[in-house]
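Student: This is structure-v2.cif, which holds mmCIF, C-alpha atoms:
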data_entry
loop_
_atom_site.label_atom_id
_atom_site.label_comp_id
_atom_site.auth_asym_id
_atom_site.auth_seq_id
_atom_site.Cartn_x
_atom_site.Cartn_y
_atom_site.Cartn_z
CA ARG A 686 17.96 16.53 56.74
CA LYS A 687 16.37 19.92 57.42
CA GLU A 688 14.44 21.46 54.56
CA VAL A 689 16.37 24.69 54.80
CA GLU A 690 19.79 25.08 56.37
CA GLN A 691 21.87 28.13 57.10
CA ASP A 692 25.26 28.70 58.66
CA PRO A 693 24.28 30.30 61.96
CA GLY A 694 27.44 32.41 62.10
CA PRO A 695 28.04 34.78 63.67
CA PHE A 696 29.84 36.64 60.94
CA ASN A 697 31.76 39.47 62.55
CA VAL A 698 32.90 42.00 59.98
CA PRO A 699 34.29 45.55 60.08
CA GLU A 700 32.37 48.42 58.61
CA GLY A 701 32.87 48.65 54.88
CA ALA A 702 33.61 44.96 54.45
CA THR A 703 31.78 42.54 52.19
CA VAL A 704 30.06 39.56 53.75
CA ALA A 705 28.33 36.68 52.02
CA PHE A 706 26.53 33.59 53.20
CA ASN A 707 24.42 30.81 51.78
CA CYS A 708 21.24 28.95 52.45
CA THR A 709 20.75 25.41 51.18
CA TYR A 710 17.39 23.79 50.54
CA SER A 711 16.53 20.13 50.13
CA ASN A 712 13.42 20.16 47.93
CA SER A 713 14.24 20.52 44.25
CA ALA A 714 10.62 21.55 43.60
CA SER A 715 11.07 24.75 45.61
CA GLN A 716 9.56 27.66 43.76
CA SER A 717 10.05 30.95 45.56
CA PHE A 718 12.92 32.24 47.63
CA PHE A 719 13.23 35.20 49.96
CA TRP A 720 15.67 36.79 52.34
CA TYR A 721 14.26 38.30 55.51
CA ARG A 722 16.02 40.40 58.09
CA GLN A 723 15.27 40.05 61.78
CA ASP A 724 16.49 42.39 64.47
CA CYS A 725 16.79 41.13 68.01
CA ARG A 726 13.51 39.29 68.73
CA LYS A 727 11.48 41.61 66.51
CA GLU A 728 9.37 40.50 63.58
CA PRO A 729 11.13 39.34 60.42
CA LYS A 730 10.95 41.87 57.62
CA LEU A 731 11.31 41.16 53.93
CA LEU A 732 14.72 42.16 52.66
CA MET A 733 14.39 40.92 49.12
CA SER A 734 12.96 38.24 46.92
CA VAL A 735 15.43 36.07 45.03
CA TYR A 736 14.92 35.69 41.31
CA SER A 737 16.32 33.03 39.03
CA SER A 738 18.68 35.41 37.29
CA GLY A 739 19.89 36.94 40.53
CA ASN A 740 19.01 40.41 41.68
CA GLU A 741 20.45 43.39 43.43
CA ASP A 742 18.98 45.98 45.75
CA GLY A 743 21.50 48.64 46.62
CA ARG A 744 24.30 47.01 48.58
CA PHE A 745 22.54 43.65 48.69
CA THR A 746 22.84 40.98 46.02
CA ALA A 747 20.93 37.71 46.02
CA GLN A 748 21.69 34.71 43.85
CA LEU A 749 19.91 31.43 43.22
CA ASN A 750 21.70 28.26 42.21
CA ARG A 751 19.09 25.66 41.38
CA ALA A 752 21.60 23.03 40.33
CA SER A 753 23.26 23.03 43.74
CA GLN A 754 20.08 24.03 45.57
CA TYR A 755 21.20 27.07 47.42
CA ILE A 756 20.59 30.79 47.57
CA SER A 757 23.10 33.36 48.65
CA LEU A 758 23.12 36.88 50.03
CA LEU A 759 26.01 39.27 49.64
CA ILE A 760 26.24 42.54 51.51
CA ARG A 761 28.73 45.12 50.19
CA ASP A 762 30.10 48.07 52.10
CA SER A 763 28.64 46.81 55.39
CA LYS A 764 27.08 49.35 57.74
CA LEU A 765 26.60 49.08 61.48
CA SER A 766 22.87 49.02 60.79
CA ASP A 767 23.27 45.79 58.81
CA SER A 768 23.83 43.92 62.09
CA ALA A 769 20.93 41.49 62.27
CA THR A 770 19.93 37.90 61.70
CA TYR A 771 19.17 37.02 58.10
CA LEU A 772 16.56 34.33 57.45
CA CYS A 773 16.10 32.53 54.20
CA VAL A 774 12.63 31.37 53.25
CA VAL A 775 11.85 28.77 50.63
CA THR A 776 8.38 27.94 49.35
CA VAL A 777 6.90 24.87 47.72
CA ASP A 778 3.28 25.54 46.73
CA TYR A 779 1.66 26.94 49.88
CA LYS A 780 4.31 25.69 52.30
CA LEU A 781 7.02 28.02 53.49
CA SER A 782 10.15 26.72 55.18
CA PHE A 783 12.47 28.91 57.20
CA GLY A 784 16.13 28.65 57.87
CA ALA A 785 17.23 29.20 61.46
CA GLY A 786 19.09 32.35 60.45
CA THR A 787 22.60 33.69 59.94
CA THR A 788 23.75 36.33 62.40
CA VAL A 789 25.83 39.19 61.07
CA THR A 790 27.55 41.67 63.35
CA VAL A 791 29.19 44.71 61.82
CA ARG A 792 31.73 46.43 64.07
CA ALA A 793 33.01 49.98 63.92
CA GLU B 571 -1.34 51.40 56.43
CA ALA B 572 -1.07 47.76 55.39
CA GLN B 573 -0.28 45.70 58.45
CA VAL B 574 -0.68 42.59 60.54
CA THR B 575 -1.69 43.40 64.10
CA GLN B 576 -1.16 41.05 67.03
CA ASN B 577 -2.31 41.51 70.57
CA PRO B 578 -1.12 41.45 73.24
CA ARG B 579 2.58 42.19 72.74
CA TYR B 580 3.51 40.68 76.09
CA LEU B 581 1.62 38.15 78.17
CA ILE B 582 2.48 36.40 81.40
CA THR B 583 0.10 33.71 82.54
CA VAL B 584 -0.08 30.59 84.68
CA THR B 585 -0.30 26.97 83.67
CA GLY B 586 -3.76 25.91 82.62
CA LYS B 587 -5.36 29.33 82.22
CA LYS B 588 -6.88 29.57 78.75
CA LEU B 589 -5.68 32.45 76.62
CA THR B 590 -6.18 33.85 73.14
CA VAL B 591 -3.72 35.83 71.06
CA THR B 592 -5.46 37.85 68.38
CA CYS B 593 -4.19 38.49 64.85
CA SER B 594 -5.78 40.75 62.28
CA GLN B 595 -4.63 41.83 58.80
CA ASN B 596 -6.04 44.56 56.58
CA MET B 597 -4.53 43.45 53.26
CA ASN B 598 -7.27 41.03 52.21
CA HIS B 599 -4.77 38.16 52.33
CA GLU B 600 -6.14 34.65 51.95
CA TYR B 601 -3.24 32.92 53.70
CA MET B 602 -2.55 33.40 57.40
CA SER B 603 -0.22 31.51 59.67
CA TRP B 604 1.10 31.30 63.22
CA TYR B 605 4.73 30.65 64.12
CA ARG B 606 6.67 30.27 67.30
CA GLN B 607 10.31 31.18 67.58
CA ASP B 608 12.64 29.67 70.14
CA PRO B 609 16.40 30.19 70.48
CA GLY B 610 18.34 27.92 68.17
CA LEU B 611 15.21 26.48 66.58
CA GLY B 612 14.17 29.26 64.25
CA LEU B 613 10.58 29.85 63.19
CA ARG B 614 8.30 26.85 63.41
CA GLN B 615 4.82 26.82 61.98
CA ILE B 616 1.97 26.06 64.38
CA TYR B 617 -1.14 26.34 62.19
CA TYR B 618 -2.01 27.94 58.91
CA SER B 619 -5.14 28.86 57.01
CA MET B 620 -5.52 29.16 53.26
CA ASN B 621 -8.90 30.87 53.48
CA VAL B 622 -11.98 31.36 55.61
CA GLU B 623 -13.01 28.19 57.45
CA VAL B 624 -9.93 26.33 56.14
CA THR B 625 -7.22 25.59 58.69
CA ASP B 626 -4.41 23.03 58.80
CA LYS B 627 -1.75 21.89 61.20
CA GLY B 628 1.79 23.06 60.78
CA ASP B 629 4.87 21.45 62.26
CA VAL B 630 4.13 22.01 65.96
CA PRO B 631 0.33 22.16 66.46
CA GLU B 632 0.07 20.30 69.79
CA GLY B 633 -1.50 22.40 72.52
CA TYR B 634 -2.85 25.05 70.15
CA LYS B 635 -6.11 25.79 68.37
CA VAL B 636 -7.02 28.31 65.72
CA SER B 637 -10.12 29.51 63.93
CA ARG B 638 -10.74 31.46 60.72
CA LYS B 639 -14.30 32.70 60.77
CA GLU B 640 -13.44 35.92 58.95
CA LYS B 641 -10.80 36.60 56.35
CA ARG B 642 -9.03 39.26 58.35
CA ASN B 643 -8.80 37.48 61.74
CA PHE B 644 -6.86 34.40 62.78
CA PRO B 645 -6.75 34.01 66.58
CA LEU B 646 -4.42 31.55 68.31
CA ILE B 647 -5.94 29.77 71.31
CA LEU B 648 -4.09 27.98 74.09
CA GLU B 649 -6.73 26.01 75.96
CA SER B 650 -4.42 24.89 78.76
CA PRO B 651 -1.04 26.62 78.47
CA SER B 652 2.05 24.89 79.78
CA PRO B 653 5.56 26.24 80.48
CA ASN B 654 6.93 24.66 77.28
CA GLN B 655 4.71 27.06 75.34
CA THR B 656 6.72 29.99 76.62
CA SER B 657 7.95 31.49 73.38
CA LEU B 658 7.84 34.37 70.94
CA TYR B 659 4.85 34.07 68.63
CA PHE B 660 4.36 35.65 65.21
CA CYS B 661 1.31 35.84 63.04
CA ALA B 662 1.84 36.34 59.32
CA SER B 663 -0.22 36.66 56.15
CA ARG B 664 0.22 36.75 52.41
CA PHE B 665 -1.69 36.50 49.17
CA GLN B 666 -2.38 32.91 48.28
CA GLY B 667 -1.84 31.53 44.80
CA GLN B 668 1.00 33.86 43.93
CA GLY B 669 4.29 32.04 44.04
CA TYR B 670 6.29 35.17 44.69
CA SER B 671 4.07 36.66 47.37
CA PRO B 672 6.12 37.23 50.54
CA LEU B 673 4.88 36.92 54.11
CA HIS B 674 4.00 39.97 56.16
CA PHE B 675 4.55 39.52 59.89
CA GLY B 676 2.90 40.96 62.94
CA ASN B 677 5.18 42.46 65.55
CA GLY B 678 5.08 39.45 67.82
CA THR B 679 3.68 38.29 71.16
CA ARG B 680 6.08 37.31 73.89
CA LEU B 681 4.33 34.71 76.03
CA THR B 682 5.56 33.45 79.40
CA VAL B 683 3.76 30.57 81.09
CA THR B 684 4.71 29.97 84.72
#
I'd like the structure from this file rewritten - as structure tokens, please.

Tutor:
Amino acid sequence: RKEVEQDPGPFNVPEGATVAFNCTYSNSASQSFFWYRQDCRKEPKLLMSVYSSGNEDGRFTAQLNRASQYISLLIRDSKLSDSATYLCVVTVDYKLSFGAGTTVTVRA
Amino acid sequence: EAQVTQNPRYLITVTGKKLTVTCSQNMNHEYMSWYRQDPGLGLRQIYYSMNVEVTDKGDVPEGYKVSRKEKRNFPLILESPSPNQTSLYFCASRFQGQGYSPLHFGNGTRLTVT
């Protein structure tokens, strides 16, 4: 089983829609969780950290479910500029594990 | 400006010709790492370093070497490149010892080995 798994998508949504997707992790000792955004073959950029109580940054909401070992990302009021691949990253001590990414395409 | 700088951005070379991809960060990060990214496989770690003179293998270290003589620099060396090393490479760094410290990535090196 992979350490971190994501639904690759693609999720095709119209502008203004809400889209949500999950990332599951296998190691119950995982400590830190992040969502990164990657545009076509460019470097991944930090979108947001994921905190135990859940957190929000504008239109983006991240949740952590330790019992079921997954994190989620919800994007409200999708914009064309939200089209990207979203990577989840999970850390255990010094080791970071990446999901393969979920592709989101927002259409006009 | 805080950044991770990789060079070159693009590189085309031939099988067997040694090459080095440089990586430098100006954030005083202890941890540095190299990744390769291939379609459908996501980011895979090649080597990482937790501090000066400390390096360890990641998930796909075969065919690569690294060194960490200075805190800011972490070059990736391909002694004898082969076509299966054609990939997109990223260097990244972060503070070590802080569980919530995210990775900062360089802007990538697209390598083609013919």

Student: Do you know which residues the PyMOL selection byres ((chain B) within 9 of (chain A)) returns on this file, as a short mmCIF file (atom, residue, chain, number, x, y, z; two decimals) with C-alpha atoms, in the frame of the given file?

Tutor:
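Saved the output as out_16.cif:
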data_model
loop_
_atom_site.label_atom_id
_atom_site.label_comp_id
_atom_site.auth_asym_id
_atom_site.auth_seq_id
_atom_site.Cartn_x
_atom_site.Cartn_y
_atom_site.Cartn_z
CA TYR B 601 -3.24 32.92 53.70
CA GLN B 607 10.31 31.18 67.58
CA GLY B 610 18.34 27.92 68.17
CA LEU B 611 15.21 26.48 66.58
CA GLY B 612 14.17 29.26 64.25
CA LEU B 613 10.58 29.85 63.19
CA ARG B 614 8.30 26.85 63.41
CA GLN B 615 4.82 26.82 61.98
CA MET B 620 -5.52 29.16 53.26
CA LEU B 658 7.84 34.37 70.94
CA PHE B 660 4.36 35.65 65.21
CA GLN B 666 -2.38 32.91 48.28
CA GLY B 667 -1.84 31.53 44.80
CA GLY B 669 4.29 32.04 44.04
CA TYR B 670 6.29 35.17 44.69
CA SER B 671 4.07 36.66 47.37
CA PRO B 672 6.12 37.23 50.54
CA LEU B 673 4.88 36.92 54.11
CA HIS B 674 4.00 39.97 56.16
CA PHE B 675 4.55 39.52 59.89
CA GLY B 676 2.90 40.96 62.94
CA ASN B 677 5.18 42.46 65.55
CA GLY B 678 5.08 39.45 67.82
#

Student: Would you kindly return, as a PDB file with C-alpha atoms, in the frame of the given file, each protein, DNA or RNA residue with an atom no farther than 6 Å from any atom of stretch 576-587 of chain B, considering all atoms listed in the file and excluding same-chain residues fewer than 3 positions away?

Tutor:
ATOM      1  CA  VAL B 591      -3.720  35.830  71.060  1.00  0.00           C
ATOM      2  CA  THR B 592      -5.460  37.850  68.380  1.00  0.00           C
ATOM      3  CA  CYS B 593      -4.190  38.490  64.850  1.00  0.00           C
ATOM      4  CA  SER B 650      -4.420  24.890  78.760  1.00  0.00           C
ATOM      5  CA  PRO B 651      -1.040  26.620  78.470  1.00  0.00           C
ATOM      6  CA  SER B 652       2.050  24.890  79.780  1.00  0.00           C
ATOM      7  CA  GLY B 676       2.900  40.960  62.940  1.00  0.00           C
ATOM      8  CA  THR B 679       3.680  38.290  71.160  1.00  0.00           C
ATOM      9  CA  ARG B 680       6.080  37.310  73.890  1.00  0.00           C
ATOM     10  CA  LEU B 681       4.330  34.710  76.030  1.00  0.00           C
ATOM     11  CA  THR B 682       5.560  33.450  79.400  1.00  0.00           C
ATOM     12  CA  VAL B 683       3.760  30.570  81.090  1.00  0.00           C
ATOM     13  CA  THR B 684       4.710  29.970  84.720  1.00  0.00           C
TER      14      THR B 684
END

Student: To verify the selection step, state as a ChimeraX atom specification which residues the PyMOL selection byres ((chain A and resi 738) around 10) yields on this input.

Tutor: /A:735-737,739-740,747-750

Student: What is the atom CA of B:Lys641 to atom CA of B:Glu571 distance in Å?

Tutor: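 Separation between atom CA of B:Lys641 and atom CA of B:Glu571: 17.6 Å.
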
Student: Step by step, work through what the PyMOL selection byres ((chain B and resi 622-634) around 10) selects in the shown file, and finish by giving those residues as a PyMOL selection string.

Tutor: (chain A and resi 780) or (chain B and resi 590+600-606+614-621+635-644+646-652+654-655)

Student: List every protein, DNA or RNA residue with an atom no more than 6 Å from (28.5, 47.5, 60.5) in the file's coordinates, counting only C-alpha atoms, and format the result as a list in words.

Tutor: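 Within 6 Å of (28.5, 47.5, 60.5), the protein and nucleic acid residues are Glu700, Ser763, Lys764, Leu765, Ser766, Asp767, Val791 and Arg792 of chain A.
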
Student: Could those residues be written to a file, using C-alpha atoms, as a short mmCIF file (atom, residue, chain, number, x, y, z; two decimals), in the frame of the given file?

Tutor:
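Saved result, part.cif, follows:
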data_model
loop_
_atom_site.label_atom_id
_atom_site.label_comp_id
_atom_site.auth_asym_id
_atom_site.auth_seq_id
_atom_site.Cartn_x
_atom_site.Cartn_y
_atom_site.Cartn_z
CA GLU A 700 32.37 48.42 58.61
CA SER A 763 28.64 46.81 55.39
CA LYS A 764 27.08 49.35 57.74
CA LEU A 765 26.60 49.08 61.48
CA SER A 766 22.87 49.02 60.79
CA ASP A 767 23.27 45.79 58.81
CA VAL A 791 29.19 44.71 61.82
CA ARG A 792 31.73 46.43 64.07
#

Student: Write out as a list in words each polymer residue whose atoms come within 7 Å of A:Ser713, counting only C-alpha atoms; drop sequence neighbours fewer than 2 positions from it.

Tutor: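 Surrounding residues, per the criterion: Ser711, Ser715 and Gln754 of chain A.
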
Student: Can you tell me how far atom CA of A:Phe706 sits from atom CA of B:Tyr659, in Å to one decimal?

Tutor: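 The value is 26.6 Å.
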
Student: What does the distance from atom CA of A:Ala752 to atom CA of A:Cys708 come to in Å, to one decimal?

Tutor: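 Atom-to-atom, atom CA of A:Ala752 and atom CA of A:Cys708 are spaced 13.5 Å apart.
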
Student: Find, counting only C-alpha atoms, the residue in B:Ser663, B:Lys588, B:Met597, B:Pro653 that gets nearest to B:Ala572.

Tutor: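 Closest to B:Ala572, using only C-alpha atoms: B:Met597.
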
Student: Which of these residues is nearest to A:Ile756, using all atoms listed in the file: A:Ala702, A:Ala714, A:Ser768, A:Gln691?

Tutor: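 Of A:Ala702, A:Ala714, A:Ser768, A:Gln691, the one nearest A:Ile756, counting all atoms listed in the file, is A:Gln691.
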